[in-house]
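Have a look at model.txt; it's compact mmCIF, C-alpha atoms:
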# COMPACT_ATOMS: atom_id res chain seq x y z
CA MET X 30 22.53 -69.51 -20.15
CA PHE X 31 20.26 -71.84 -22.11
CA THR X 32 20.96 -75.37 -20.94
CA THR X 33 21.79 -76.69 -17.51
CA THR X 34 24.49 -78.94 -18.88
CA GLY X 35 27.45 -76.83 -17.83
CA SER X 36 28.58 -74.19 -15.42
CA ARG X 37 28.09 -70.55 -16.27
CA GLY X 38 30.86 -68.35 -17.56
CA LEU X 39 33.80 -68.89 -19.89
CA TYR X 40 36.13 -70.74 -17.55
CA LYS X 41 38.44 -73.24 -19.32
CA VAL X 42 37.01 -72.40 -22.78
CA PRO X 43 39.68 -70.13 -24.36
CA LEU X 44 38.78 -71.07 -27.94
CA SER X 45 35.07 -70.32 -27.49
CA LYS X 46 35.86 -67.03 -25.80
CA GLY X 47 38.34 -66.12 -28.54
CA LEU X 48 35.79 -66.84 -31.25
CA LEU X 49 33.17 -64.75 -29.48
CA LEU X 50 35.43 -61.73 -29.04
CA VAL X 51 37.34 -61.83 -32.34
CA LEU X 52 34.46 -62.60 -34.69
CA SER X 53 32.11 -60.14 -32.99
CA GLY X 54 34.80 -57.46 -33.06
CA LEU X 55 35.44 -57.98 -36.76
CA THR X 56 31.72 -57.73 -37.50
CA VAL X 57 31.51 -54.41 -35.67
CA MET X 58 34.60 -53.12 -37.52
CA LEU X 59 33.17 -54.09 -40.92
CA THR X 60 29.87 -52.44 -40.00
CA LEU X 61 31.72 -49.20 -39.30
CA LEU X 62 33.87 -49.63 -42.45
CA PRO X 63 31.41 -50.79 -45.13
CA GLN X 64 33.90 -50.21 -47.95
CA TYR X 65 35.74 -53.37 -46.89
CA GLN X 66 32.70 -55.64 -46.66
CA GLY X 67 33.11 -56.72 -50.29
CA LEU X 68 36.30 -58.59 -49.33
CA PHE X 69 34.32 -60.88 -47.01
CA THR X 70 31.35 -61.78 -49.21
CA TYR X 71 30.85 -65.49 -49.88
CA ASN X 72 30.42 -65.27 -53.66
CA LEU X 73 30.47 -68.70 -55.30
CA GLN X 74 30.38 -67.25 -58.81
CA ALA X 75 33.52 -65.21 -58.15
CA ILE X 76 35.22 -68.33 -56.76
CA THR X 77 34.41 -70.52 -59.76
CA THR X 78 34.63 -68.08 -62.65
CA GLN X 79 37.23 -65.58 -61.45
CA GLN X 80 39.30 -68.08 -59.41
CA GLN X 81 39.06 -65.95 -56.25
CA VAL X 82 39.73 -68.91 -53.99
CA TRP X 83 40.54 -66.63 -51.07
CA ARG X 84 36.83 -65.86 -50.77
CA TRP X 85 36.34 -69.45 -49.65
CA ALA X 86 38.23 -68.53 -46.47
CA CYS X 87 37.29 -64.88 -45.94
CA GLY X 88 33.63 -65.38 -46.78
CA ARG X 89 33.25 -68.21 -44.26
CA LEU X 90 34.73 -66.52 -41.18
CA VAL X 91 33.01 -63.20 -40.39
CA CYS X 92 29.28 -62.46 -40.39
CA LEU X 93 28.33 -59.23 -42.13
CA ASP X 94 24.87 -59.18 -40.58
CA LEU X 95 24.59 -58.14 -36.93
CA LYS X 96 21.56 -60.40 -36.37
CA ASP X 97 23.51 -63.42 -37.62
CA THR X 98 26.41 -62.41 -35.39
CA LEU X 99 24.15 -62.24 -32.34
CA CYS X 100 22.54 -65.63 -32.98
CA SER X 101 25.83 -67.35 -33.81
CA SER X 102 27.45 -65.85 -30.69
CA LEU X 103 24.65 -67.19 -28.52
CA LEU X 104 25.09 -70.65 -30.06
CA ILE X 105 28.87 -70.58 -29.62
CA TYR X 106 28.40 -69.62 -25.98
CA ASN X 107 26.01 -72.52 -25.47
CA PHE X 108 28.20 -75.04 -27.34
CA ARG X 109 31.21 -74.17 -25.15
CA ILE X 110 30.20 -77.21 -23.09
CA PHE X 111 31.83 -79.39 -25.77
CA GLU X 112 35.15 -77.61 -25.30
CA ARG X 113 34.97 -78.41 -21.58
CA ARG X 114 33.93 -81.98 -22.25
CA PHE X 115 36.28 -82.94 -25.10
CA GLY X 116 39.10 -80.48 -24.51
CA THR X 117 40.20 -77.50 -26.57
CA ARG X 118 42.22 -79.55 -29.08
CA LYS X 119 39.37 -81.94 -29.96
CA PHE X 120 36.90 -79.07 -30.07
CA ALA X 121 39.18 -77.15 -32.43
CA SER X 122 39.64 -80.29 -34.55
CA PHE X 123 35.87 -80.65 -34.85
CA LEU X 124 35.46 -77.03 -35.96
CA TRP X 125 38.40 -77.29 -38.38
CA GLY X 126 37.22 -80.56 -39.90
CA THR X 127 33.62 -79.46 -40.35
CA TRP X 128 34.77 -76.10 -41.75
CA LEU X 129 36.77 -77.86 -44.47
CA LEU X 130 34.07 -80.43 -45.21
CA SER X 131 31.36 -77.79 -45.41
CA ALA X 132 33.37 -75.88 -48.02
CA LEU X 133 33.04 -78.89 -50.30
CA THR X 134 29.41 -79.61 -49.42
CA ASP X 135 28.48 -75.95 -50.06
CA PHE X 136 29.76 -76.25 -53.61
CA LEU X 137 28.08 -79.63 -54.18
CA LEU X 138 24.73 -78.44 -52.84
CA ALA X 139 24.89 -75.30 -54.99
CA GLN X 140 25.53 -77.47 -58.05
CA ALA X 141 22.64 -79.74 -57.05
CA VAL X 142 20.29 -76.74 -56.85
CA TYR X 143 21.40 -75.61 -60.29
CA PHE X 144 20.93 -79.11 -61.73
CA LEU X 145 17.51 -79.73 -60.15
CA PHE X 146 15.89 -76.28 -60.26
CA ASP X 147 17.96 -74.52 -62.95
CA HIS X 148 18.80 -71.77 -60.47
CA GLU X 149 22.36 -70.60 -59.99
CA VAL X 150 23.37 -69.81 -56.42
CA GLU X 151 25.66 -66.81 -56.67
CA GLU X 152 26.09 -65.66 -53.06
CA LEU X 153 25.70 -67.42 -49.71
CA PRO X 154 25.49 -66.06 -46.15
CA THR X 155 28.86 -65.19 -44.67
CA GLY X 156 30.34 -66.22 -41.36
CA LEU X 157 31.40 -69.28 -39.38
CA LEU X 158 27.93 -70.72 -39.83
CA SER X 159 28.45 -74.26 -41.11
CA PRO X 160 30.66 -75.37 -38.16
CA ILE X 161 28.12 -73.83 -35.76
CA PHE X 162 25.27 -75.78 -37.35
CA SER X 163 27.42 -78.92 -37.31
CA LEU X 164 27.63 -78.65 -33.50
CA PHE X 165 23.91 -79.40 -33.38
CA VAL X 166 24.80 -83.03 -34.21
CA PRO X 167 26.68 -83.80 -30.96
CA PHE X 168 24.27 -81.50 -29.12
CA TYR X 169 21.31 -83.62 -30.23
CA LEU X 170 23.03 -86.98 -29.74
CA SER X 171 25.02 -86.54 -26.53
CA ILE X 172 23.23 -83.93 -24.39
CA PRO X 173 20.27 -85.44 -22.46
CA ARG X 174 16.88 -83.78 -22.48
CA VAL X 175 15.62 -82.52 -19.12
CA PRO X 176 11.94 -81.45 -19.08
CA VAL X 177 11.43 -77.98 -17.64
CA THR X 178 7.76 -77.23 -18.14
CA GLN X 179 4.81 -77.75 -20.47
CA VAL X 180 2.83 -75.33 -22.60
CA LEU X 181 -0.93 -75.96 -22.72
CA GLY X 182 -0.27 -79.40 -21.26
CA TYR X 183 0.91 -80.84 -24.58
CA PHE X 184 4.13 -79.12 -25.68
CA SER X 185 7.10 -80.01 -23.50
CA ILE X 186 9.77 -77.36 -22.88
CA THR X 187 13.19 -78.85 -22.17
CA ASN X 188 16.63 -77.49 -21.39
CA LYS X 189 17.43 -77.65 -25.13
CA THR X 190 14.38 -75.85 -26.52
CA LEU X 191 15.79 -72.32 -26.54
CA VAL X 192 18.91 -73.50 -28.36
CA TYR X 193 16.81 -74.94 -31.16
CA ILE X 194 14.76 -71.72 -31.29
CA VAL X 195 17.92 -69.65 -31.77
CA GLY X 196 19.02 -72.08 -34.48
CA LEU X 197 15.67 -71.65 -36.26
CA GLN X 198 16.00 -67.89 -35.99
CA LEU X 199 19.41 -68.09 -37.64
CA LEU X 200 18.00 -70.43 -40.29
CA ALA X 201 15.28 -67.92 -41.23
CA SER X 202 17.65 -64.95 -41.61
CA HIS X 203 18.62 -65.55 -45.27
CA PRO X 204 16.96 -67.20 -48.28
CA PHE X 205 19.90 -69.58 -48.78
CA MET X 206 20.64 -70.18 -45.12
CA TRP X 207 19.01 -73.59 -45.49
CA LEU X 208 21.87 -74.59 -47.79
CA ILE X 209 24.45 -73.57 -45.18
CA THR X 210 22.44 -75.38 -42.49
CA LEU X 211 22.18 -78.57 -44.51
CA SER X 212 25.88 -78.39 -45.35
CA GLY X 213 26.78 -77.97 -41.68
CA LEU X 214 24.57 -80.85 -40.55
CA ILE X 215 26.00 -83.16 -43.23
CA SER X 216 29.54 -82.18 -42.28
CA GLY X 217 28.78 -82.65 -38.59
CA CYS X 218 27.33 -86.13 -39.15
CA LEU X 219 30.29 -87.20 -41.27
CA TYR X 220 32.90 -85.91 -38.84
CA TYR X 221 31.14 -86.92 -35.62
CA GLY X 222 30.52 -90.40 -37.01
CA ASP X 223 34.17 -90.62 -38.17
CA VAL X 224 33.08 -91.64 -41.66
CA LEU X 225 36.10 -92.65 -43.76
CA TRP X 226 38.29 -91.92 -40.72
CA LEU X 227 37.79 -88.19 -41.16
CA GLN X 228 38.83 -87.52 -37.55
CA ARG X 229 42.26 -88.94 -38.37
CA VAL X 230 42.57 -86.83 -41.51
CA PHE X 231 41.29 -83.43 -40.35
CA PHE X 232 42.65 -82.64 -36.91
CA VAL X 233 44.70 -80.02 -35.11
CA PRO X 234 48.32 -81.22 -34.62
CA VAL X 235 49.69 -81.48 -31.11
CA TRP X 236 52.38 -78.87 -31.72
CA LEU X 237 49.79 -76.40 -32.99
CA ALA X 238 47.56 -77.11 -30.01
CA LYS X 239 50.45 -76.42 -27.61
CA MET X 240 51.26 -73.20 -29.43
CA GLY X 241 47.64 -72.14 -29.33
CA ARG X 242 47.44 -72.99 -25.63
CA CYS X 243 50.36 -70.70 -24.93
CA VAL X 244 48.71 -67.88 -26.91
CA LEU X 245 44.98 -68.32 -26.25
CA GLU X 246 44.93 -69.22 -22.57
CA PRO X 247 46.73 -66.08 -21.32
CA LEU X 248 44.56 -63.88 -23.54
CA PHE X 249 41.14 -65.51 -23.43
CA SER X 250 41.14 -67.68 -20.32
CA GLY X 251 38.11 -66.89 -18.19
CA PRO X 252 38.33 -66.32 -14.44
CA GLU X 253 38.04 -69.33 -12.19
CA PRO X 254 34.72 -69.53 -10.33
CA THR X 255 35.15 -68.32 -6.76
CA SER X 256 33.34 -69.22 -3.60
CA GLU X 257 31.38 -65.97 -3.86
CA SER X 258 29.41 -67.27 -6.84
CA PRO X 259 25.64 -67.75 -6.43
CA LEU X 260 26.18 -71.48 -6.03
CA GLY X 261 29.02 -71.29 -3.55
CA MET X 262 28.02 -68.19 -1.52
CA GLY X 263 31.19 -68.51 0.55
CA ALA X 264 30.07 -71.80 2.09
CA THR X 265 32.04 -74.92 2.77
CA LEU X 266 32.39 -77.81 0.34
CA ASP X 267 29.69 -79.85 2.10
CA ILE X 268 27.16 -77.02 1.86
CA GLN X 269 28.00 -76.47 -1.80
CA ARG X 270 27.49 -80.15 -2.47
CA GLN X 271 24.19 -80.06 -0.59
CA GLN X 272 23.01 -77.14 -2.70
CA ARG X 273 23.96 -78.92 -5.90
CA MET X 274 22.11 -82.05 -4.82
CA ASP X 275 19.06 -79.93 -3.98
CA LEU X 276 19.13 -78.45 -7.49
CA LEU X 277 19.22 -81.95 -8.97
CA ASP X 278 16.36 -82.92 -6.65
CA GLN X 279 14.25 -80.15 -8.11
CA GLN X 280 14.98 -81.29 -11.65
CA LEU X 281 14.14 -84.92 -10.80
CA LEU X 282 10.91 -83.97 -9.04
CA LEU X 283 9.87 -81.76 -11.94
CA ALA X 284 10.60 -84.51 -14.47
CA GLU X 285 8.63 -87.08 -12.44
CA TYR X 286 5.76 -84.65 -11.99
CA ASN X 287 5.54 -83.96 -15.72
CA GLN X 288 5.69 -87.69 -16.45
CA ALA X 289 2.91 -88.32 -13.95
CA ARG X 290 0.75 -85.68 -15.62
CA ARG X 291 1.21 -87.27 -19.04
CA SER X 292 0.59 -90.84 -17.90
CA PRO X 293 -2.93 -92.19 -17.18
CA ARG X 294 -3.60 -91.97 -13.47
CA PRO X 295 -6.20 -93.75 -11.32
CA GLN X 296 -9.04 -91.80 -9.74
CA PRO X 297 -8.35 -90.90 -6.09
CA GLN X 298 -10.68 -91.91 -3.30
CA ALA X 299 -13.59 -89.65 -2.48
CA GLY X 300 -12.47 -86.74 -0.35
CA MET X 301 -8.83 -87.82 -0.48
CA LEU X 302 -5.90 -86.49 -2.52
CA ASP X 303 -2.93 -88.77 -3.11
CA TRP X 304 -0.05 -86.41 -2.52
CA ARG X 305 2.50 -89.21 -2.82
CA ARG X 306 1.85 -89.32 -6.54
CA PHE X 307 3.09 -85.73 -6.85
CA PHE X 308 5.91 -85.95 -4.30
CA PRO X 309 7.70 -89.31 -4.59
CA SER X 310 10.34 -90.27 -2.11
CA LEU X 311 13.67 -88.55 -2.61
CA ARG X 312 16.74 -90.58 -3.27
CA ARG X 313 19.16 -91.42 -0.50
CA ARG X 314 22.17 -89.16 -0.68
CA GLY X 315 25.59 -89.45 0.86
CA PRO X 316 25.91 -88.40 4.51
CA ILE X 317 26.46 -84.69 4.89
CA ARG X 318 26.50 -84.66 8.68
CA ALA X 319 28.62 -86.66 11.01
CA PRO X 320 27.31 -90.12 12.07
CA ALA X 321 27.30 -89.01 15.72
CA GLN X 322 24.77 -86.31 14.92
CA GLN X 323 22.52 -88.61 12.96
CA ALA X 324 21.94 -91.19 15.66
CA PRO X 325 20.00 -88.95 18.11
CA LEU X 326 18.00 -87.55 15.23
CA GLU X 327 16.90 -91.00 14.19
CA GLN X 328 15.92 -91.85 17.76
CA THR X 329 13.80 -88.72 18.25
CA GLN X 330 12.15 -89.11 14.86
CA PRO X 331 11.19 -92.77 14.43
CA SER X 332 9.16 -92.00 11.28
CA PRO X 333 9.63 -94.55 8.47
CA GLN X 334 12.56 -93.71 6.21
CA PRO X 335 12.27 -93.89 2.44
CA HIS X 336 13.50 -97.07 0.92
CA PRO X 337 17.08 -96.51 -0.31
CA SER X 338 18.16 -97.35 -3.78
CA PRO X 339 21.90 -97.98 -3.43
CA LEU X 340 24.06 -99.07 -6.28
CA ASP X 341 24.59 -102.79 -6.49
CA ASP X 342 27.21 -104.78 -8.30
CA SER X 343 24.87 -106.00 -11.02
CA PRO X 344 26.19 -106.17 -14.59
CA ALA X 345 23.74 -103.43 -15.66
CA VAL X 346 25.15 -100.97 -13.15
CA GLU X 347 28.74 -101.88 -14.05
CA GLU X 348 27.88 -101.30 -17.71
CA GLN X 349 26.51 -97.84 -16.88
CA VAL X 350 29.62 -97.03 -14.86
CA ALA X 351 31.82 -98.18 -17.74
CA ARG X 352 29.92 -95.96 -20.18
CA LEU X 353 30.38 -92.93 -17.94
CA VAL X 354 34.07 -93.72 -17.49
CA GLU X 355 34.46 -93.92 -21.29
CA MET X 356 33.05 -90.39 -21.50
CA GLY X 357 35.98 -89.15 -19.42
CA PHE X 358 34.53 -89.10 -15.91
CA SER X 359 36.17 -90.83 -12.97
CA ARG X 360 34.69 -94.00 -11.50
CA ILE X 361 34.00 -92.32 -8.15
CA ASP X 362 32.09 -89.47 -9.79
CA ALA X 363 30.18 -91.92 -11.98
CA LEU X 364 29.11 -93.99 -8.96
CA GLU X 365 28.03 -90.88 -7.08
CA ALA X 366 26.04 -89.58 -10.05
CA LEU X 367 24.30 -92.94 -10.58
CA ARG X 368 23.47 -93.12 -6.87
CA ALA X 369 22.06 -89.60 -6.97
CA SER X 370 19.93 -90.31 -10.04
CA ASN X 371 18.63 -93.76 -9.05
CA ASN X 372 20.72 -95.48 -11.75
CA ASP X 373 19.29 -93.28 -14.52
CA ILE X 374 22.12 -92.97 -17.06
CA ASN X 375 20.67 -89.80 -18.68
CA MET X 376 20.22 -88.01 -15.37
CA ALA X 377 23.67 -89.14 -14.25
CA THR X 378 25.25 -87.78 -17.42
CA ASN X 379 23.43 -84.48 -17.02
CA TYR X 380 24.55 -84.27 -13.38
CA LEU X 381 28.21 -84.90 -14.29
CA LEU X 382 28.14 -82.35 -17.11
CA GLN X 383 26.56 -79.79 -14.80
CA HIS X 384 29.05 -80.28 -11.96

The structure in this file should be written as structure tokens.
Amino acid sequence: MFTTTGSRGLYKVPLSKGLLLVLSGLTVMLTLLPQYQGLFTYNLQAITTQQQVWRWACGRLVCLDLKDTLCSSLLIYNFRIFERRFGTRKFASFLWGTWLLSALTDFLLAQAVYFLFDHEVEELPTGLLSPIFSLFVPFYLSIPRVPVTQVLGYFSITNKTLVYIVGLQLLASHPFMWLITLSGLISGCLYYGDVLWLQRVFFVPVWLAKMGRCVLEPLFSGPEPTSESPLGMGATLDIQRQQRMDLLDQQLLLAEYNQARRSPRPQPQAGMLDWRRFFPSLRRRGPIRAPAQQAPLEQTQPSPQPHPSPLDDSPAVEEQVARLVEMGFSRIDALEALRASNNDINMATNYLLQH
């Protein structure tokens, strides 16, 4: 929807789909039944003075504002790529760990505001907001930026811009939303960086993950993409692969064109326009047609072929392959992605996440 780092839909993301449906449904129910909204307010004063510890759980699950629900749902839908990449258990462990850490950081930040500005924070925004903001940490660090266009020739629009805009919209929805945002970012940095071995302390047990798989997957498992999708269109595997490579070609050409516009360029000759600067040679892709059909074509068209850029066995390429394999991709897919992206590790990672 926002980024091009994953396939569309909710296939193989039962936890993300469950959060979208359950939390949005509860928000609608509480909107229709306002007499029960007081049970889900995130009131720090009631927690500390009246020992209503249950508000620490109820007040940090369901959004009472429909605008916050919409923005958080859009962010959860976008961040579903991490559930596909890391698996449901690790994704759930990240949300669980940051949810617990943010409960502590919320209290510490509220005390810091009272100590520095002599202002007591009584009530904070409700909902699963801190874990959502914590997902911006891996989103910023692990998802590559792909330029899409430019505004006025100076401001670059990437595949991640709209996600940050939605996050800013959610940040501006409440006076103390900055405290929740800061708490989520701190929790995300601590858990993602495995500070003090937090990933070994706060995690979802294997038995609970198996139980959740048996419950969530039958209920919230999305349909598997069929060949009738816009990308497949009922074609064969070779045609689908060709279409995917063409889409990556467009992204590469657009990125090179934007880079050429930003970089200083020499003046062309009088009356001549150097089109090669705008349309560089495409990479050499794997053979789609049979070798027997390529030979006559090469004989009838003796035009010079673009210089290929195949993968070599240099240590730099092996290091890039090893990094992609450590991310969970197979060696064959890593080699194909590096060959398709001219050994650009960021483009190769984006290609693997997209396909």

Distance in Å - CA of Thr155 (chain X) versus CA of Leu90 (chain X):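 Separation of CA of Thr155 (chain X) and CA of Leu90 (chain X): 7.0 Å.
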
Spatial neighbours of Leu227 (chain X), max dist 12 Å, all atoms listed in the file, sep filter under 4 positions, as a ChimeraX atom specification: /X:122-123,125-127,129-130,216-223,231-232

Next, the residues of the selection above should be written as a PDB file, keeping the file's coordinate frame with C-alpha atoms.
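So the final result, stored in again-v8.pdb, reads:
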ATOM      1  CA  SER X 122      39.640 -80.290 -34.550  1.00  0.00           C
ATOM      2  CA  PHE X 123      35.870 -80.650 -34.850  1.00  0.00           C
ATOM      3  CA  TRP X 125      38.400 -77.290 -38.380  1.00  0.00           C
ATOM      4  CA  GLY X 126      37.220 -80.560 -39.900  1.00  0.00           C
ATOM      5  CA  THR X 127      33.620 -79.460 -40.350  1.00  0.00           C
ATOM      6  CA  LEU X 129      36.770 -77.860 -44.470  1.00  0.00           C
ATOM      7  CA  LEU X 130      34.070 -80.430 -45.210  1.00  0.00           C
ATOM      8  CA  SER X 216      29.540 -82.180 -42.280  1.00  0.00           C
ATOM      9  CA  GLY X 217      28.780 -82.650 -38.590  1.00  0.00           C
ATOM     10  CA  CYS X 218      27.330 -86.130 -39.150  1.00  0.00           C
ATOM     11  CA  LEU X 219      30.290 -87.200 -41.270  1.00  0.00           C
ATOM     12  CA  TYR X 220      32.900 -85.910 -38.840  1.00  0.00           C
ATOM     13  CA  TYR X 221      31.140 -86.920 -35.620  1.00  0.00           C
ATOM     14  CA  GLY X 222      30.520 -90.400 -37.010  1.00  0.00           C
ATOM     15  CA  ASP X 223      34.170 -90.620 -38.170  1.00  0.00           C
ATOM     16  CA  PHE X 231      41.290 -83.430 -40.350  1.00  0.00           C
ATOM     17  CA  PHE X 232      42.650 -82.640 -36.910  1.00  0.00           C
TER      18      PHE X 232
END

Can you write out as CSV which residues of region 90-115 of chain X fall within 8 Å of region 55-67 of chain X, alongside each residue's closest atom pair and its distance in Å to one decimal, counting all atoms listed in the file and ordering rows by chain and ascending residue number?
residue,atom,partner,partner_atom,distance
X:Val91,CA,X:Thr56,CA,6.3
X:Cys92,CA,X:Thr56,CA,6.1
X:Leu93,CA,X:Thr56,CA,5.9
X:Asp94,CA,X:Thr56,CA,7.6
X:Leu95,CA,X:Thr56,CA,7.2
X:Thr98,CA,X:Thr56,CA,7.4

Distance criterion (all atoms listed in the file): nearest to Arg174 (chain X) out of X:Leu248, X:Leu157, X:Ala75, X:Ile374: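 Selected residue with least distance to Arg174 (chain X): X:Ile374.
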
Please give the centre and size of the box around region 181-185 of chain X (axis-aligned, containing every atom listed in the file, 3 Å added per side), with values in Å to one decimal and written as AutoDock Vina command-line options.
--center_x 3.1 --center_y -78.4 --center_z -23.5 --size_x 14.0 --size_y 10.9 --size_z 10.4

Shell around Ser159 (chain X) at 10 Å using only C-alpha atoms, local window under 5 positions removed, as a VMD selection string: chain X and resid 89 to 90 124 127 to 132 134 to 135 164 206 208 to 217

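Omitting Ile186 (chain X) and its sequence neighbours fewer than 3 positions away, and counting all atoms listed in the file, the residues within 7 Å are X:Pro176, X:Val177, X:Thr178, X:Gln179, X:Thr190.
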
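Counting from CA of Phe168 (chain X), the distance to CA of Ala377 (chain X) is 16.7 Å.
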
Polymer residues at most 12 Å from region 345-350 of chain X, only C-alpha atoms, same-chain spacing of 2 or more positions, as a ChimeraX atom specification: /X:339-343,352-368,371-378

Two-atom distance - CA of Gln80 (chain X), CA of Pro204 (chain X) (Å): 25.0 Å

Residue nearest Met240 (chain X) - candidates X:Tyr143, X:Arg118, X:Leu50, X:Asn188, atoms counted: all atoms listed in the file: X:Arg118

Polymer residues at most 9 Å from Leu103 (chain X), only C-alpha atoms, same-chain spacing of 3 or more positions, as a PyMOL selection string: chain X and resi 30+49+98-100+106-108+192+195

Export of prior selection with C-alpha atoms as a PDB file, in the frame of the given file:
ATOM      1  CA  MET X  30      22.530 -69.510 -20.150  1.00  0.00           C
ATOM      2  CA  LEU X  49      33.170 -64.750 -29.480  1.00  0.00           C
ATOM      3  CA  THR X  98      26.410 -62.410 -35.390  1.00  0.00           C
ATOM      4  CA  LEU X  99      24.150 -62.240 -32.340  1.00  0.00           C
ATOM      5  CA  CYS X 100      22.540 -65.630 -32.980  1.00  0.00           C
ATOM      6  CA  TYR X 106      28.400 -69.620 -25.980  1.00  0.00           C
ATOM      7  CA  ASN X 107      26.010 -72.520 -25.470  1.00  0.00           C
ATOM      8  CA  PHE X 108      28.200 -75.040 -27.340  1.00  0.00           C
ATOM      9  CA  VAL X 192      18.910 -73.500 -28.360  1.00  0.00           C
ATOM     10  CA  VAL X 195      17.920 -69.650 -31.770  1.00  0.00           C
TER      11      VAL X 195
END

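You can rank X:Phe205, X:Phe144, X:Phe184, X:Tyr380 by their closest distance to Ile172 (chain X) using all atoms listed in the file, and at the top of that list sits X:Tyr380.
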